[in-house]
$ cat structure10.cif   # mmCIF, C-alpha atoms
data_entry
#
loop_
_atom_site.label_atom_id
_atom_site.label_comp_id
_atom_site.auth_asym_id
_atom_site.auth_seq_id
_atom_site.Cartn_x
_atom_site.Cartn_y
_atom_site.Cartn_z
CA MET A 14 45.53 46.11 22.75
CA PHE A 15 43.06 43.50 21.46
CA SER A 16 42.67 42.18 17.94
CA ILE A 17 39.49 42.88 16.02
CA ASN A 18 37.58 39.71 15.22
CA ASN A 19 38.01 39.03 11.50
CA ASN A 20 37.06 35.34 11.36
CA TYR A 21 34.14 33.61 13.02
CA LEU A 22 32.42 30.22 13.28
CA ILE A 23 28.78 31.36 13.06
CA SER A 24 28.87 35.17 13.39
CA ASN A 25 30.75 37.61 15.61
CA SER A 26 27.78 38.24 17.91
CA VAL A 27 26.63 34.61 18.11
CA ASP A 28 30.19 33.40 18.72
CA PHE A 29 30.59 35.86 21.59
CA ILE A 30 27.25 34.92 23.18
CA LEU A 31 27.84 31.17 23.00
CA ILE A 32 31.52 31.04 23.89
CA GLY A 33 30.89 32.75 27.23
CA GLY A 34 29.49 36.22 26.62
CA ALA A 35 25.97 35.31 27.77
CA ALA A 36 27.43 33.66 30.88
CA LEU A 37 29.55 36.71 31.68
CA LEU A 38 26.73 39.22 31.14
CA THR A 39 24.33 37.12 33.26
CA PHE A 40 26.81 36.94 36.12
CA LEU A 41 27.41 40.71 36.00
CA ILE A 42 23.69 41.49 36.00
CA ILE A 43 22.99 39.13 38.91
CA THR A 44 25.93 40.51 40.90
CA ILE A 45 25.52 44.24 40.17
CA PHE A 46 21.77 44.31 40.77
CA ASN A 47 21.93 41.70 43.55
CA LEU A 48 19.08 39.76 41.98
CA ASN A 49 17.43 37.22 44.23
CA LEU A 50 16.15 34.60 41.81
CA GLY A 51 15.37 32.09 44.52
CA LEU A 52 14.98 28.39 43.86
CA ASP A 53 12.84 29.11 40.79
CA ILE A 54 16.09 29.19 38.85
CA VAL A 55 16.64 25.52 39.74
CA PHE A 56 13.41 24.59 37.96
CA ILE A 57 14.23 26.85 35.01
CA MET A 58 17.68 25.29 34.63
CA PHE A 59 16.14 21.82 34.90
CA VAL A 60 13.83 22.63 31.98
CA LEU A 61 16.66 24.15 29.95
CA ALA A 62 18.76 21.05 30.64
CA PHE A 63 16.15 19.04 28.75
CA PHE A 64 16.59 21.21 25.64
CA VAL A 65 20.27 22.17 25.91
CA ASN A 66 22.39 20.17 28.37
CA SER A 67 21.20 16.71 27.38
CA PRO A 68 21.61 17.26 23.60
CA HIS A 69 25.11 18.63 24.22
CA PHE A 70 26.12 15.22 25.57
CA MET A 71 24.44 13.31 22.77
CA ILE A 72 25.98 15.33 19.94
CA SER A 73 29.42 14.24 21.17
CA TYR A 74 28.32 10.60 20.86
CA GLN A 75 27.13 11.22 17.32
CA ILE A 76 30.40 12.87 16.32
CA PHE A 77 32.45 10.08 17.89
CA TYR A 78 30.57 7.06 16.56
CA SER A 79 29.70 8.50 13.14
CA SER A 80 33.08 10.00 12.27
CA GLY A 81 35.34 7.76 14.31
CA LEU A 82 33.77 4.29 14.10
CA LYS A 83 36.47 3.05 11.71
CA LYS A 84 39.12 4.44 14.04
CA VAL A 85 37.64 2.44 16.91
CA PHE A 86 38.90 -0.70 15.22
CA ASN A 87 42.34 0.54 14.15
CA LYS A 88 43.35 3.21 16.65
CA SER A 89 44.02 2.33 20.29
CA SER A 90 42.77 5.61 21.79
CA PHE A 91 39.42 5.34 19.97
CA PHE A 92 39.09 1.65 20.89
CA PHE A 93 39.78 2.45 24.55
CA VAL A 94 37.18 5.24 24.60
CA GLY A 95 34.61 3.53 22.40
CA PHE A 96 34.64 0.06 24.00
CA ILE A 97 36.81 -0.33 27.09
CA ILE A 98 35.52 2.70 29.03
CA PRO A 99 31.81 1.83 28.52
CA ILE A 100 32.46 -1.77 29.61
CA ILE A 101 34.24 -0.64 32.78
CA LEU A 102 31.46 1.82 33.65
CA ILE A 103 28.73 -0.77 33.06
CA MET A 104 30.57 -3.27 35.26
CA ILE A 105 30.85 -0.78 38.13
CA ILE A 106 27.16 0.13 37.89
CA SER A 107 26.15 -3.54 37.67
CA VAL A 108 28.11 -4.44 40.81
CA GLY A 109 26.44 -1.61 42.73
CA MET A 110 22.97 -2.60 41.57
CA TYR A 111 23.43 -6.33 42.11
CA TYR A 112 24.78 -6.02 45.64
CA GLN A 113 22.69 -2.96 46.53
CA ASN A 114 25.89 -1.24 47.64
CA ASP A 115 26.34 2.50 47.37
CA LEU A 116 30.18 2.40 47.25
CA PRO A 117 30.39 1.87 43.44
CA PHE A 118 28.02 4.79 42.96
CA LEU A 119 29.96 7.01 45.36
CA PHE A 120 33.11 6.10 43.43
CA MET A 121 31.41 7.16 40.19
CA LEU A 122 30.14 10.34 41.83
CA VAL A 123 33.67 11.34 42.87
CA SER A 124 35.00 10.36 39.45
CA MET A 125 32.37 12.50 37.76
CA PHE A 126 33.17 15.55 39.90
CA PHE A 127 36.88 15.02 39.26
CA LEU A 128 36.52 14.65 35.49
CA VAL A 129 33.89 17.36 35.03
CA GLY A 130 36.26 19.98 36.44
CA TRP A 131 39.03 18.71 34.20
CA HIS A 132 36.64 18.68 31.23
CA TYR A 133 35.62 22.30 31.89
CA ILE A 134 39.18 23.64 31.88
CA LYS A 135 40.14 21.53 28.85
CA GLN A 136 37.16 22.95 26.95
CA THR A 137 38.16 26.46 28.01
CA TYR A 138 41.72 25.89 26.83
CA GLY A 139 40.44 24.45 23.55
CA CYS A 140 38.09 27.39 22.99
CA PHE A 141 40.91 29.87 23.52
CA ILE A 142 43.52 28.11 21.37
CA VAL A 143 41.19 27.14 18.51
CA TYR A 144 39.43 30.50 18.33
CA SER A 145 42.76 32.34 18.48
CA ALA A 146 44.17 30.15 15.70
CA GLY A 147 41.03 30.73 13.66
CA ASN A 148 41.92 34.42 13.77
CA LYS A 149 45.59 33.85 12.87
CA ILE A 150 46.86 34.22 16.45
CA TYR A 151 49.18 31.40 17.37
CA TYR A 152 50.95 30.41 20.59
CA SER A 153 54.12 28.38 20.93
CA LYS A 154 54.15 24.94 22.53
CA LEU A 155 55.63 26.44 25.70
CA GLU A 156 52.94 29.12 25.80
CA GLN A 157 50.22 26.51 25.26
CA ASN A 158 51.55 24.47 28.17
CA LEU A 159 51.67 27.55 30.41
CA ILE A 160 48.06 28.32 29.54
CA LYS A 161 47.07 24.74 30.44
CA PHE A 162 48.93 24.85 33.75
CA SER A 163 47.44 28.26 34.56
CA LEU A 164 44.03 26.55 34.59
CA TYR A 165 44.97 23.51 36.68
CA PRO A 166 44.59 25.25 40.08
CA LEU A 167 40.96 25.97 39.18
CA TRP A 168 40.28 22.33 38.49
CA ILE A 169 42.15 21.06 41.56
CA PHE A 170 40.58 23.46 44.02
CA SER A 171 37.09 23.16 42.58
CA PHE A 172 37.38 19.40 43.18
CA LEU A 173 38.81 19.81 46.69
CA LYS A 174 35.79 21.94 47.56
CA LEU A 175 34.05 18.58 48.12
CA PHE A 176 36.11 18.27 51.30
CA THR A 177 35.06 21.54 52.90
CA SER A 178 31.53 20.73 54.03
CA ASP A 179 30.21 19.34 57.31
CA HIS A 180 26.81 18.54 55.83
CA VAL A 181 25.45 15.40 54.22
CA GLN A 182 24.98 16.13 50.52
CA ASN A 183 22.37 14.66 48.22
CA PHE A 184 22.62 13.78 44.52
CA TRP A 185 19.22 12.61 43.26
CA GLY A 186 18.69 10.73 46.51
CA LEU A 187 22.23 9.36 46.76
CA GLU A 188 23.52 10.72 50.05
CA TYR A 189 27.22 11.37 50.51
CA LYS A 190 29.58 13.08 52.91
CA PHE A 191 33.33 13.28 52.51
CA PRO A 192 35.93 13.92 55.23
CA ASN A 193 35.89 17.61 56.08
CA PHE A 194 39.62 18.28 56.36
CA LEU A 195 39.92 21.44 54.21
CA SER A 196 37.28 23.71 55.75
CA ASP A 197 39.93 25.89 57.41
CA PHE A 198 41.66 26.46 54.07
CA THR A 199 38.79 27.67 51.91
CA THR A 200 40.18 31.23 51.67
CA LEU A 201 43.61 29.90 50.79
CA MET A 202 42.06 27.66 48.16
CA GLY A 203 40.29 30.62 46.61
CA LEU A 204 43.46 32.67 46.49
CA ALA A 205 45.41 29.78 45.02
CA SER A 206 42.86 29.46 42.23
CA ILE A 207 43.67 33.06 41.23
CA ILE A 208 47.40 32.37 40.86
CA GLY A 209 46.82 30.72 37.52
CA PHE A 210 44.87 33.76 36.35
CA PHE A 211 47.87 36.01 36.91
CA VAL A 212 50.12 33.50 35.13
CA PHE A 213 47.80 33.77 32.13
CA ILE A 214 47.68 37.59 32.32
CA LEU A 215 51.48 37.79 32.46
CA LEU A 216 51.68 35.52 29.43
CA ILE A 217 49.25 37.72 27.48
CA MET A 218 51.15 40.87 28.49
CA TYR A 219 54.46 39.30 27.47
CA GLY A 220 53.01 38.39 24.09
CA TYR A 221 51.62 41.89 23.61
CA PHE A 222 54.70 43.91 24.60
CA PHE A 223 57.48 41.64 23.39
CA LYS A 224 55.98 39.65 20.53
CA ARG A 225 53.36 42.14 19.32
CA ILE A 226 50.59 39.56 19.66
CA LYS A 227 47.17 41.11 20.22
CA PRO A 228 44.86 38.57 21.89
CA ASN A 229 41.45 38.04 20.34
CA LEU A 230 38.62 39.44 22.46
CA ILE A 231 36.16 36.61 21.82
CA ALA A 232 38.88 34.03 22.46
CA LEU A 233 39.59 35.67 25.83
CA THR A 234 35.95 35.40 26.94
CA PRO A 235 36.02 31.69 27.97
CA MET A 236 39.28 32.28 29.87
CA ILE A 237 37.55 34.97 31.91
CA ILE A 238 34.32 33.09 32.49
CA ILE A 239 36.00 29.89 33.70
CA TYR A 240 37.25 31.75 36.79
CA ILE A 241 33.74 32.92 37.55
CA TRP A 242 32.49 29.36 37.16
CA MET A 243 35.12 27.53 39.18
CA SER A 244 37.01 29.82 41.55
CA PRO A 245 35.70 29.76 45.14
CA ILE A 246 36.20 33.53 45.25
CA PHE A 247 33.37 34.07 42.75
CA TRP A 248 31.06 31.42 44.18
CA HIS A 249 27.41 32.40 43.80
CA GLU A 250 24.75 30.07 45.16
CA ILE A 251 22.19 30.81 42.44
CA TYR A 252 24.57 31.27 39.51
CA PHE A 253 26.04 27.84 40.27
CA TYR A 254 22.91 26.19 38.85
CA MET A 255 23.33 28.05 35.55
CA ILE A 256 26.89 26.92 34.81
CA PRO A 257 26.09 23.59 33.05
CA PHE A 258 23.68 25.45 30.75
CA PHE A 259 26.30 28.01 29.71
CA HIS A 260 28.93 25.28 29.38
CA SER A 261 26.61 23.50 26.95
CA LEU A 262 26.11 26.70 24.93
CA GLN A 263 29.88 26.98 24.65
CA TYR A 264 29.99 23.43 23.34
CA PHE A 265 27.21 24.21 20.85
CA LEU A 266 29.35 26.89 19.18
CA PHE A 267 31.90 24.34 18.02
CA THR A 268 29.58 21.37 17.44
CA GLY A 269 27.17 23.70 15.63
CA ALA A 270 29.92 24.90 13.29
CA TYR A 271 31.13 21.32 12.82
CA THR A 272 27.69 19.91 11.95
CA LYS A 273 26.85 22.89 9.72
CA ASN A 274 29.93 22.28 7.56
CA LYS A 275 29.40 18.51 7.66
CA ILE A 276 25.81 18.87 6.46
CA LYS A 277 26.82 21.33 3.75
CA LYS A 278 29.70 19.16 2.49
CA GLU A 279 27.49 16.07 2.31
CA SER A 280 24.55 18.04 0.80
CA LEU A 281 22.15 16.69 3.41
CA GLY A 282 20.07 19.86 3.82
CA THR A 283 17.16 19.76 6.25
CA ARG A 284 17.47 16.00 6.60
CA GLY A 285 20.99 16.49 7.91
CA TRP A 286 19.89 18.96 10.58
CA LEU A 287 17.13 16.59 11.68
CA MET A 288 19.58 13.66 11.80
CA TRP A 289 22.18 15.51 13.85
CA TRP A 290 20.23 17.81 16.15
CA GLY A 291 16.88 16.03 16.10
CA GLY A 292 18.78 12.88 17.01
CA ALA A 293 20.66 14.68 19.78
CA PHE A 294 17.45 16.09 21.26
CA VAL A 295 15.50 12.81 21.11
CA SER A 296 18.34 10.66 22.46
CA GLY A 297 19.01 13.23 25.19
CA ALA A 298 15.37 13.08 26.26
CA VAL A 299 15.40 9.28 26.19
CA PHE A 300 18.65 8.69 28.12
CA PHE A 301 18.38 11.52 30.64
CA GLU A 302 14.64 11.55 31.24
CA PHE A 303 12.27 8.91 29.91
CA LEU A 304 14.24 5.64 29.96
CA PRO A 305 15.93 5.94 33.39
CA LYS A 306 12.76 7.18 35.07
CA TYR A 307 10.75 4.38 33.47
CA LEU A 308 13.25 1.78 34.68
CA ASP A 309 13.28 3.30 38.17
CA SER A 310 9.50 3.16 38.31
CA ILE A 311 9.55 -0.55 37.49
CA PHE A 312 12.57 -1.95 39.32
CA TYR A 313 13.96 0.32 41.98
CA GLN A 314 11.30 2.27 43.82
CA GLY A 315 12.16 2.20 47.52
CA ASN A 316 15.56 0.54 47.14
CA SER A 317 18.19 1.04 49.81
CA ILE A 318 20.40 3.46 47.80
CA THR A 319 18.03 5.86 46.03
CA SER A 320 14.73 5.65 44.18
CA ASN A 321 16.56 7.28 41.24
CA LEU A 322 19.17 4.55 40.86
CA PHE A 323 18.85 4.16 37.10
CA LEU A 324 18.76 7.93 36.66
CA ILE A 325 22.03 8.51 38.51
CA SER A 326 23.54 5.53 36.68
CA PHE A 327 22.76 7.11 33.33
CA ILE A 328 24.03 10.50 34.54
CA PHE A 329 27.30 9.05 35.83
CA PHE A 330 27.87 6.91 32.75
CA ILE A 331 27.22 9.67 30.21
CA ASN A 332 29.09 12.41 32.07
CA ILE A 333 32.21 10.29 32.57
CA HIS A 334 32.14 8.78 29.10
CA HIS A 335 31.56 12.24 27.59
CA TYR A 336 34.87 13.40 29.03
CA PHE A 337 36.75 10.53 27.40
CA ILE A 338 34.94 11.01 24.09
CA ASP A 339 35.91 14.68 23.98
CA SER A 340 39.50 13.80 24.81
CA VAL A 341 39.86 12.10 21.42
CA ILE A 342 37.44 13.78 19.00
CA TRP A 343 38.72 17.33 19.61
CA ARG A 344 42.40 16.51 19.18
CA GLY A 345 44.24 18.33 16.41
CA SER A 346 45.16 14.95 14.96
CA ASN A 347 41.48 14.16 14.26
CA LEU A 348 41.28 15.07 10.56
CA ASP A 349 37.48 14.86 10.51
CA VAL A 350 37.18 17.74 12.98
CA ARG A 351 39.99 19.72 11.33
CA GLU A 352 38.21 19.49 7.98
CA ASN A 353 34.75 20.41 9.25
CA LEU A 354 35.48 22.99 11.97
CA LYS A 355 36.08 25.92 9.63
CA PHE A 356 36.17 29.64 10.29
CA ASN A 357 34.47 32.14 8.00
CA SER A 358 35.57 35.69 7.25
#

$ encode --input "structure10.cif" --output "structure tokens"
Amino acid sequence: MFSINNNYLISNSVDFILIGGAALLTFLIITIFNLNLGLDIVFIMFVLAFFVNSPHFMISYQIFYSSGLKKVFNKSSFFFVGFIIPIILIMIISVGMYYQNDLPFLFMLVSMFFLVGWHYIKQTYGCFIVYSAGNKIYYSKLEQNLIKFSLYPLWIFSFLKLFTSDHVQNFWGLEYKFPNFLSDFTTLMGLASIIGFFVFILLIMYGYFFKRIKPNLIALTPMIIIYIWMSPIFWHEIYFYMIPFFHSLQYFLFTGAYTKNKIKKESLGTRGWLMWWGGAFVSGAVFFEFLPKYLDSIFYQGNSITSNLFLISFIFFINIHHYFIDSVIWRGSNLDVRENLKFNS
């Protein structure tokens, strides 16, 4: 019923692990054996974020500004993402800091939650479509749209989960509480998030029985794991902290293949790896750890919003901007990505 993987980005096993296999196996082990990892996992994920999550953001900046800098000046979408969005974000942060008002930061918090969910399902869709195409499995425009819409309930209901809590929440010291008007509908929200899954399954079955299309197993993995990540039905208090790490690994599969081919084509060798991934690691450490914490220690200890004001500002800015960057660099019309994201056989 499933196609055998003939083409790969790095290798069959590595592709499976990064695209969602490690996330799926981890969830199954935790669930089956009812592992109680406690809050130690929070510290572990925090450490891993330093080495994995932060570089995953920075590599997108490198791809955008190194391969698309010329397009910034002659293509409206790249100009909007490369200049207009950063200016808007900086203005919002500046207003909040200047007036010591938490509303701009709460606005950015909500925007981040809204866009992160959207970003997750768009990445899932991209993983499925690109990996399927890399193995000569193609879907019509109608089928592609149905796959997109099958994921939308996940995004919508994962965002609306913000409005199901009675408790004051805390994001690095920034306290927030939204109107609790959906608490009586949490079960309905969970069930609704599954509707899209059955739409996708019906589409796959239709392709198999009527069009003789065998879906690729590795391509299916991110479609499965996104429901575990975002559906309220599969909510797991401890596993929740692992999701950004696995999402970053998924991103590494495609950026890793892209940079590998880029380095090879330009004959950069070890210097190329140090430029791309050394740069991503160092800049990630600087912008997520050292610089914001240094600025907080100097300017904003004991302020009225949070003692981590610069830290949350950097987090909001990069997370939101990252979504917009990905929305242009991973388009099929971006020839740089098309030329360097190659499958091997």

$ atom_distance --input "structure10.cif" --atom1 "CA of Gly186 (chain A)" --atom2 "CA of Leu322 (chain A)"
8.4 Å

$ closest_residue --input "structure10.cif" --among "A:Cys140, A:Met110, A:Ile311, A:Leu37" --to "Ile160 (chain A)" --atoms "all atoms listed in the file"
A:Cys140

$ residues_around --input "structure10.cif" --residues "Ile241 (chain A)" --least-positions-apart "6" --cutoff "9 Å" --atoms "only C-alpha atoms" --output "list in words"
Leu37, Phe40, Phe247, Trp248 and His249 of chain A

$ write_last_selection --input "structure10.cif" --atoms "C-alpha atoms" --output "mmCIF file, keeping the file's coordinate frame"
data_model
loop_
_atom_site.group_PDB
_atom_site.id
_atom_site.type_symbol
_atom_site.label_atom_id
_atom_site.label_comp_id
_atom_site.auth_asym_id
_atom_site.auth_seq_id
_atom_site.Cartn_x
_atom_site.Cartn_y
_atom_site.Cartn_z
ATOM 1 C CA LEU A 37 29.550 36.710 31.680
ATOM 2 C CA PHE A 40 26.810 36.940 36.120
ATOM 3 C CA PHE A 247 33.370 34.070 42.750
ATOM 4 C CA TRP A 248 31.060 31.420 44.180
ATOM 5 C CA HIS A 249 27.410 32.400 43.800
#

$ resolve_selection --input "structure10.cif" --expression "the PyMOL selection byres ((chain A and resi 203) around 8)" --output "list in words"
Phe170, Thr199, Thr200, Leu201, Met202, Leu204, Ala205, Ser206, Ile207, Ser244, Pro245 and Ile246 of chain A

$ write_last_selection --input "structure10.cif" --atoms "C-alpha atoms" --output "PDB file, keeping the file's coordinate frame"
ATOM      1  CA  PHE A 170      40.580  23.460  44.020  1.00  0.00           C
ATOM      2  CA  THR A 199      38.790  27.670  51.910  1.00  0.00           C
ATOM      3  CA  THR A 200      40.180  31.230  51.670  1.00  0.00           C
ATOM      4  CA  LEU A 201      43.610  29.900  50.790  1.00  0.00           C
ATOM      5  CA  MET A 202      42.060  27.660  48.160  1.00  0.00           C
ATOM      6  CA  LEU A 204      43.460  32.670  46.490  1.00  0.00           C
ATOM      7  CA  ALA A 205      45.410  29.780  45.020  1.00  0.00           C
ATOM      8  CA  SER A 206      42.860  29.460  42.230  1.00  0.00           C
ATOM      9  CA  ILE A 207      43.670  33.060  41.230  1.00  0.00           C
ATOM     10  CA  SER A 244      37.010  29.820  41.550  1.00  0.00           C
ATOM     11  CA  PRO A 245      35.700  29.760  45.140  1.00  0.00           C
ATOM     12  CA  ILE A 246      36.200  33.530  45.250  1.00  0.00           C
TER      13      ILE A 246
END

$ residues_around --input "structure10.cif" --residues "Gly292 (chain A)" --least-positions-apart "4" --cutoff "10 Å" --atoms "only C-alpha atoms" --output "PyMOL selection string"
chain A and resi 68+71-72+75+286-288+296-298

$ residues_near_point --input "structure10.cif" --point "(40.7, 27.7, 37.9)" --cutoff "10 Å" --atoms "all atoms listed in the file" --output "PyMOL selection string"
chain A and resi 130-131+133-134+162-171+203+205-210+236-245

$ atom_distance --input "structure10.cif" --atom1 "CA of Asp349 (chain A)" --atom2 "CA of Gly139 (chain A)"
16.5 Å

$ residues_around --input "structure10.cif" --residues "Gly220 (chain A)" --least-positions-apart "4" --cutoff "12 Å" --atoms "only C-alpha atoms" --output "compact mmCIF listing (two decimals) with C-alpha atoms, in the coordinates of the input"
# COMPACT_ATOMS: atom_id res chain seq x y z
CA MET A 14 45.53 46.11 22.75
CA PHE A 15 43.06 43.50 21.46
CA ILE A 150 46.86 34.22 16.45
CA TYR A 151 49.18 31.40 17.37
CA TYR A 152 50.95 30.41 20.59
CA SER A 153 54.12 28.38 20.93
CA GLU A 156 52.94 29.12 25.80
CA PHE A 213 47.80 33.77 32.13
CA ILE A 214 47.68 37.59 32.32
CA LEU A 215 51.48 37.79 32.46
CA LEU A 216 51.68 35.52 29.43
CA LYS A 224 55.98 39.65 20.53
CA ARG A 225 53.36 42.14 19.32
CA ILE A 226 50.59 39.56 19.66
CA LYS A 227 47.17 41.11 20.22
CA PRO A 228 44.86 38.57 21.89

$ atom_distance --input "structure10.cif" --atom1 "CA of Ala270 (chain A)" --atom2 "CA of Lys135 (chain A)"
18.9 Å

$ residues_near_point --input "structure10.cif" --point "(25.4, 14.7, 19.7)" --cutoff "12 Å" --atoms "only C-alpha atoms" --output "mmCIF file with C-alpha atoms, in the frame of the given file"
data_model
loop_
_atom_site.group_PDB
_atom_site.id
_atom_site.type_symbol
_atom_site.label_atom_id
_atom_site.label_comp_id
_atom_site.auth_asym_id
_atom_site.auth_seq_id
_atom_site.Cartn_x
_atom_site.Cartn_y
_atom_site.Cartn_z
ATOM 1 C CA VAL A 65 20.270 22.170 25.910
ATOM 2 C CA ASN A 66 22.390 20.170 28.370
ATOM 3 C CA SER A 67 21.200 16.710 27.380
ATOM 4 C CA PRO A 68 21.610 17.260 23.600
ATOM 5 C CA HIS A 69 25.110 18.630 24.220
ATOM 6 C CA PHE A 70 26.120 15.220 25.570
ATOM 7 C CA MET A 71 24.440 13.310 22.770
ATOM 8 C CA ILE A 72 25.980 15.330 19.940
ATOM 9 C CA SER A 73 29.420 14.240 21.170
ATOM 10 C CA TYR A 74 28.320 10.600 20.860
ATOM 11 C CA GLN A 75 27.130 11.220 17.320
ATOM 12 C CA ILE A 76 30.400 12.870 16.320
ATOM 13 C CA PHE A 77 32.450 10.080 17.890
ATOM 14 C CA TYR A 78 30.570 7.060 16.560
ATOM 15 C CA SER A 79 29.700 8.500 13.140
ATOM 16 C CA SER A 80 33.080 10.000 12.270
ATOM 17 C CA SER A 261 26.610 23.500 26.950
ATOM 18 C CA TYR A 264 29.990 23.430 23.340
ATOM 19 C CA PHE A 265 27.210 24.210 20.850
ATOM 20 C CA PHE A 267 31.900 24.340 18.020
ATOM 21 C CA THR A 268 29.580 21.370 17.440
ATOM 22 C CA GLY A 269 27.170 23.700 15.630
ATOM 23 C CA TYR A 271 31.130 21.320 12.820
ATOM 24 C CA THR A 272 27.690 19.910 11.950
ATOM 25 C CA TRP A 286 19.890 18.960 10.580
ATOM 26 C CA LEU A 287 17.130 16.590 11.680
ATOM 27 C CA MET A 288 19.580 13.660 11.800
ATOM 28 C CA TRP A 289 22.180 15.510 13.850
ATOM 29 C CA TRP A 290 20.230 17.810 16.150
ATOM 30 C CA GLY A 291 16.880 16.030 16.100
ATOM 31 C CA GLY A 292 18.780 12.880 17.010
ATOM 32 C CA ALA A 293 20.660 14.680 19.780
ATOM 33 C CA PHE A 294 17.450 16.090 21.260
ATOM 34 C CA VAL A 295 15.500 12.810 21.110
ATOM 35 C CA SER A 296 18.340 10.660 22.460
ATOM 36 C CA GLY A 297 19.010 13.230 25.190
ATOM 37 C CA ILE A 331 27.220 9.670 30.210
ATOM 38 C CA HIS A 335 31.560 12.240 27.590
ATOM 39 C CA ILE A 338 34.940 11.010 24.090
ATOM 40 C CA ASP A 339 35.910 14.680 23.980
#

$ resolve_selection --input "structure10.cif" --expression "the PyMOL selection byres ((chain A and resi 254) around 10)" --output "MDAnalysis selection string"
chainID A and resid 52 54:59 249:253 255:259

$ closest_residue --input "structure10.cif" --among "A:Tyr138, A:Phe86, A:Phe323, A:Tyr112" --to "Tyr307 (chain A)" --atoms "all atoms listed in the file"
A:Phe323

$ closest_residue --input "structure10.cif" --among "A:Val108, A:Ile333, A:Val85, A:Leu22" --to "Asn353 (chain A)" --atoms "all atoms listed in the file"
A:Leu22

$ resolve_selection --input "structure10.cif" --expression "the PyMOL selection byres ((chain A and resi 116) around 12)" --output "ChimeraX atom specification"
/A:105-110,112-115,117-123,187-189,318

$ residues_around --input "structure10.cif" --residues "Gly345 (chain A)" --least-positions-apart "6" --cutoff "12 Å" --atoms "all atoms listed in the file" --output "PyMOL selection string"
chain A and resi 139+142-143+146+339+351-352+354

$ closest_residue --input "structure10.cif" --among "A:Val350, A:Leu308, A:Leu266, A:Ala232" --to "Ser145 (chain A)" --atoms "all atoms listed in the file"
A:Ala232

$ residues_around --input "structure10.cif" --residues "Asn148 (chain A)" --least-positions-apart "3" --cutoff "8 Å" --atoms "only C-alpha atoms" --output "list in words"
Asn18, Asn19, Asn20, Tyr21, Tyr144, Ser145 and Asn229 of chain A

$ closest_residue --input "structure10.cif" --among "A:Lys84, A:Lys306, A:Lys355, A:Arg344" --to "Trp185 (chain A)" --atoms "all atoms listed in the file"
A:Lys306

$ closest_residue --input "structure10.cif" --among "A:Gln136, A:Ser24, A:Thr44, A:Asn321" --to "Trp343 (chain A)" --atoms "all atoms listed in the file"
A:Gln136
